[in-house]
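Accompanying notes for the structure given below.
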Amino acid sequence: MTKAQVAIIGGGAMGVSLMYHLVKSGWSEVVLIEKNDLTHGSTWHAAGLCTHFAHNPTIQELRATSVRLYRDILPQETGRDCGFHRSGAMRITRNPDRMDEFRHVAGLSEFTGYPLEVLTPDRIAELFPLAKLDGLIGGIYEPDDGHVDPTLATLAMAEVARRGGARILRNCAVTAIERQPDHWRVETEKETINAVHVVNAAGTWGWEIGHMMGLNIPSVPVLHQYLVTDTVGAVSERIAQGLPELPIIRDPEESWYVRQERDGLILGPYEKDAKVWSVDGVPPDFGADLMPPDLDSVEHILMAAIDRIPALETGGVKTVINGPITFTPDANPLIGPAHGLENA
């Protein structure tokens with residue numbers, strides 16, 4: 001029998017980050033329970049994009065804090081890089097209303113101290129010379145944005161938390177959760193944990209863990225895919241010339257992003273009719289697994305991105321990542337006290 005202040009269920013970026021921040025805030029007896037290994041589920045295959053773009057100062061500060069954590073704090077604490085690339089990022093548009101939104105966000109950013117630059121088409125060409133300018137009226141540039149290696153960042157947080165006294169139970173599925181008069185009883189395959197607080201950070205398995213707690217969690221795994229190209233000549237030429245990494249580029253109307261990956265590019269489409277997966281329960285043995293590619297369903301988005309960045313077509317497809325990411329109905333985070341349950 002183990003006693004804990006808090007039992008966190010789920011060893012992805014969210015659960016591990018919570019463990020890390022609780023330990024840094026002075027909590028003791030923090031236990032994290034993971035049914036497979038850390039980052040399994042959706043963290044390991046995430047593209048790792050980090051942004052300062054936000055429509056309110058609270059969200060922007062949260063995002064800026066994440067960038068500082070990956071770029072500065074974790075490397076200082078562990079002595080190792082988290083794979084953060086300060087590439088910068090931009091959003092482009094042909095839509096006047098979208099330009100108004102960009103100007104609004106730029107104004108907010110001037111107030112919060114994370115200045116973003118409103119872009120003309122000429123400036124877009126200067127920052128991302130691989131893009132065609134046809135129809136573009138402008139964009140917005142986020143100079144401190146970048147991308148992180150999600151696995152390295154998660155493992156770095158886990159290392160610091162363990163040094164601070166946290167325990168991590170890997171390959172240890174939760175089998176039952178019961179509310180006792182003054183604590184939560186969490187049964188696992190390896191041991192029973194009596195915890196004052198319990199946190200559902202199970203992501204892909206959040207719905208199942210919710211049911212164990214007595215809640216119906218409105219979240220479903222949705223399949224998202226992105227493709228990684230082989231060597232792109234225009235990118236390898238930039239590297240040979242010693243030019244900086246290309247900024248991440250997004251088109252919110254056409255719903256795609258592109259970022260440099262070594263001497264190739266990553267292209268990530270977001271389709272409007274995304275496919276949900278395993279709504280009635282994720283297969284028990286699912287871990288660091290992927291679905292077969294389904295590029296036909298996103299072909300129209302891929303073609304739009306290739307039309308904007310013709311160099312994409314020159315690399316050929318090296319890898320297609322197609323895996324689940326958990327979403328709520330409004331795509332916002334579901335975070336905070338569990339309704340009607342004490343210390344959950």
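To be explicit about the labels: the chains of the structure tokens are called A, B, and onward in the order shown, and within each one the residues are counted from 1, while ligands get numbers from 1 in the order they are shown.
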
Can you pull out every residue within 12 Å of A:Ala234, counting only C-alpha atoms, but drop anything in the same chain fewer than 2 positions away, and send it as a PyMOL selection string? chain A and resi 128-131+230-232+236-241+243+245-246+260+263-265+309-315

Output the selection as a short mmCIF file (atom, residue, chain, number, x, y, z; two decimals), in the first residue's frame - N, CA and C atoms for each residue.
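Produced file out_19.cif, reproduced below:
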data_model
loop_
_atom_site.label_atom_id
_atom_site.label_comp_id
_atom_site.auth_asym_id
_atom_site.auth_seq_id
_atom_site.Cartn_x
_atom_site.Cartn_y
_atom_site.Cartn_z
N PHE A 128 10.41 33.60 -45.91
CA PHE A 128 10.15 32.23 -46.39
C PHE A 128 10.20 32.24 -47.92
N PRO A 129 11.40 32.26 -48.50
CA PRO A 129 11.53 32.42 -49.94
C PRO A 129 11.00 31.24 -50.76
N LEU A 130 10.66 30.12 -50.10
CA LEU A 130 10.13 28.98 -50.84
C LEU A 130 8.64 29.13 -51.14
N ALA A 131 7.98 30.16 -50.56
CA ALA A 131 6.54 30.33 -50.74
C ALA A 131 6.23 31.20 -51.95
N ASP A 230 11.43 13.54 -47.90
CA ASP A 230 12.86 13.23 -48.00
C ASP A 230 13.59 14.55 -48.25
N THR A 231 14.84 14.49 -48.62
CA THR A 231 15.63 15.71 -48.86
C THR A 231 14.95 16.61 -49.89
N VAL A 232 14.81 17.88 -49.52
CA VAL A 232 14.29 18.91 -50.44
C VAL A 232 15.49 19.76 -50.86
N SER A 236 18.23 21.84 -48.53
CA SER A 236 19.64 21.44 -48.35
C SER A 236 20.59 22.52 -48.86
N GLU A 237 20.18 23.26 -49.92
CA GLU A 237 20.99 24.38 -50.41
C GLU A 237 21.10 25.47 -49.35
N ARG A 238 19.99 25.76 -48.66
CA ARG A 238 20.02 26.77 -47.60
C ARG A 238 20.97 26.34 -46.49
N ILE A 239 20.92 25.05 -46.13
CA ILE A 239 21.80 24.54 -45.07
C ILE A 239 23.27 24.69 -45.51
N ALA A 240 23.55 24.34 -46.77
CA ALA A 240 24.93 24.43 -47.29
C ALA A 240 25.43 25.87 -47.27
N GLN A 241 24.51 26.83 -47.46
CA GLN A 241 24.89 28.25 -47.45
C GLN A 241 24.97 28.83 -46.05
N LEU A 243 22.41 29.32 -44.04
CA LEU A 243 21.24 30.16 -43.75
C LEU A 243 20.45 29.59 -42.58
N GLU A 245 17.37 28.23 -40.13
CA GLU A 245 16.22 27.35 -40.36
C GLU A 245 15.02 28.17 -40.82
N LEU A 246 14.26 27.61 -41.76
CA LEU A 246 13.05 28.28 -42.23
C LEU A 246 12.05 28.39 -41.09
N GLN A 260 10.47 23.05 -41.33
CA GLN A 260 11.68 22.36 -41.75
C GLN A 260 11.99 21.21 -40.78
N ASP A 263 16.96 18.29 -43.54
CA ASP A 263 17.04 18.84 -44.90
C ASP A 263 15.76 18.60 -45.69
N GLY A 264 14.67 18.31 -44.98
CA GLY A 264 13.37 18.13 -45.61
C GLY A 264 12.33 19.02 -44.97
N LEU A 265 11.07 18.71 -45.21
CA LEU A 265 9.96 19.51 -44.67
C LEU A 265 8.91 18.58 -44.08
N ILE A 309 3.83 26.14 -51.70
CA ILE A 309 5.26 25.87 -51.50
C ILE A 309 5.66 24.74 -52.45
N PRO A 310 5.94 25.06 -53.72
CA PRO A 310 6.21 24.02 -54.72
C PRO A 310 7.37 23.08 -54.36
N ALA A 311 8.30 23.55 -53.53
CA ALA A 311 9.45 22.70 -53.15
C ALA A 311 9.00 21.43 -52.43
N LEU A 312 7.80 21.45 -51.82
CA LEU A 312 7.29 20.26 -51.14
C LEU A 312 7.24 19.06 -52.08
N GLU A 313 6.93 19.34 -53.34
CA GLU A 313 6.74 18.26 -54.31
C GLU A 313 8.06 17.62 -54.72
N THR A 314 9.16 18.28 -54.45
CA THR A 314 10.46 17.78 -54.93
C THR A 314 11.08 16.76 -53.99
N GLY A 315 10.55 16.65 -52.76
CA GLY A 315 11.20 15.80 -51.76
C GLY A 315 10.74 14.37 -51.76
#

Using the chain letters and numbers from this document, which residues of stretch 27-243 of chain A does DSSP assign to strand (DSSP E or B), as a PyMOL selection string? chain A and resi 30-33+49-50+85+89-93+117-119+138-142+146-147+167-169+174-179+184-188+192-200+220-229

Shell around stretch 321-337 of chain A at 9 Å using only C-alpha atoms, local window under 5 positions removed, as a PyMOL selection string: chain A and resi 41-43+45-46+203-206+217-228+276-277+289-294+342-344

Would you kindly return, as a PyMOL selection string, each protein, DNA or RNA residue with an atom no farther than 6 Å from any atom of A:Pro247, considering only C-alpha atoms and excluding same-chain residues fewer than 4 positions away? chain A and resi 87-89

Spatial neighbours of A:Arg63, max dist 10 Å, only C-alpha atoms, sep filter under 3 positions, as a ChimeraX atom specification: /A:50-54,57-60,66-69,145

Residues near A:Arg163, cut-off 12 Å, only C-alpha atoms, skip fewer than 5 positions along chain, as a PyMOL selection string: chain A and resi 19-20+23-24+28+30+77-78+156-158+168

Output for the residues just chosen: N, CA, C and O atoms as a CSV table (one decimal), in the first residue's frame:
chain,number,residue,atom,x,y,z
A,19,MET,N,3.3,16.6,-12.8
A,19,MET,CA,4.2,16.1,-11.8
A,19,MET,C,5.4,17.0,-11.6
A,19,MET,O,5.8,17.3,-10.4
A,20,TYR,N,6.0,17.5,-12.7
A,20,TYR,CA,7.2,18.4,-12.6
A,20,TYR,C,6.8,19.6,-11.8
A,20,TYR,O,7.6,20.1,-10.9
A,23,VAL,N,6.2,19.1,-8.0
A,23,VAL,CA,7.4,18.9,-7.3
A,23,VAL,C,8.2,20.2,-7.2
A,23,VAL,O,8.7,20.6,-6.1
A,24,LYS,N,8.2,21.0,-8.2
A,24,LYS,CA,8.9,22.3,-8.2
A,24,LYS,C,8.2,23.3,-7.2
A,24,LYS,O,8.8,24.2,-6.7
A,28,SER,N,5.2,16.9,-2.0
A,28,SER,CA,5.9,15.6,-1.8
A,28,SER,C,4.9,14.5,-2.0
A,28,SER,O,3.7,14.7,-2.2
A,30,VAL,N,4.4,12.5,-4.6
A,30,VAL,CA,3.7,12.6,-5.9
A,30,VAL,C,4.0,11.3,-6.7
A,30,VAL,O,5.1,11.0,-6.9
A,77,GLU,N,18.4,22.8,-16.1
A,77,GLU,CA,18.2,21.9,-15.0
A,77,GLU,C,18.8,20.5,-15.2
A,77,GLU,O,19.2,19.8,-14.3
A,78,THR,N,18.9,20.1,-16.5
A,78,THR,CA,19.3,18.7,-16.8
A,78,THR,C,20.7,18.7,-17.4
A,78,THR,O,21.3,17.6,-17.5
A,156,ALA,N,12.9,15.1,-19.9
A,156,ALA,CA,13.6,16.0,-19.0
A,156,ALA,C,12.8,16.4,-17.8
A,156,ALA,O,13.3,16.5,-16.7
A,157,MET,N,11.5,16.7,-18.0
A,157,MET,CA,10.6,17.0,-16.9
A,157,MET,C,10.5,15.8,-15.9
A,157,MET,O,10.5,16.0,-14.7
A,158,ALA,N,10.4,14.6,-16.4
A,158,ALA,CA,10.4,13.4,-15.6
A,158,ALA,C,11.6,13.3,-14.7
A,158,ALA,O,11.6,13.0,-13.5
A,168,ILE,N,7.5,7.3,-10.4
A,168,ILE,CA,6.9,7.0,-11.7
A,168,ILE,C,6.7,5.5,-11.8
A,168,ILE,O,7.7,4.7,-11.7
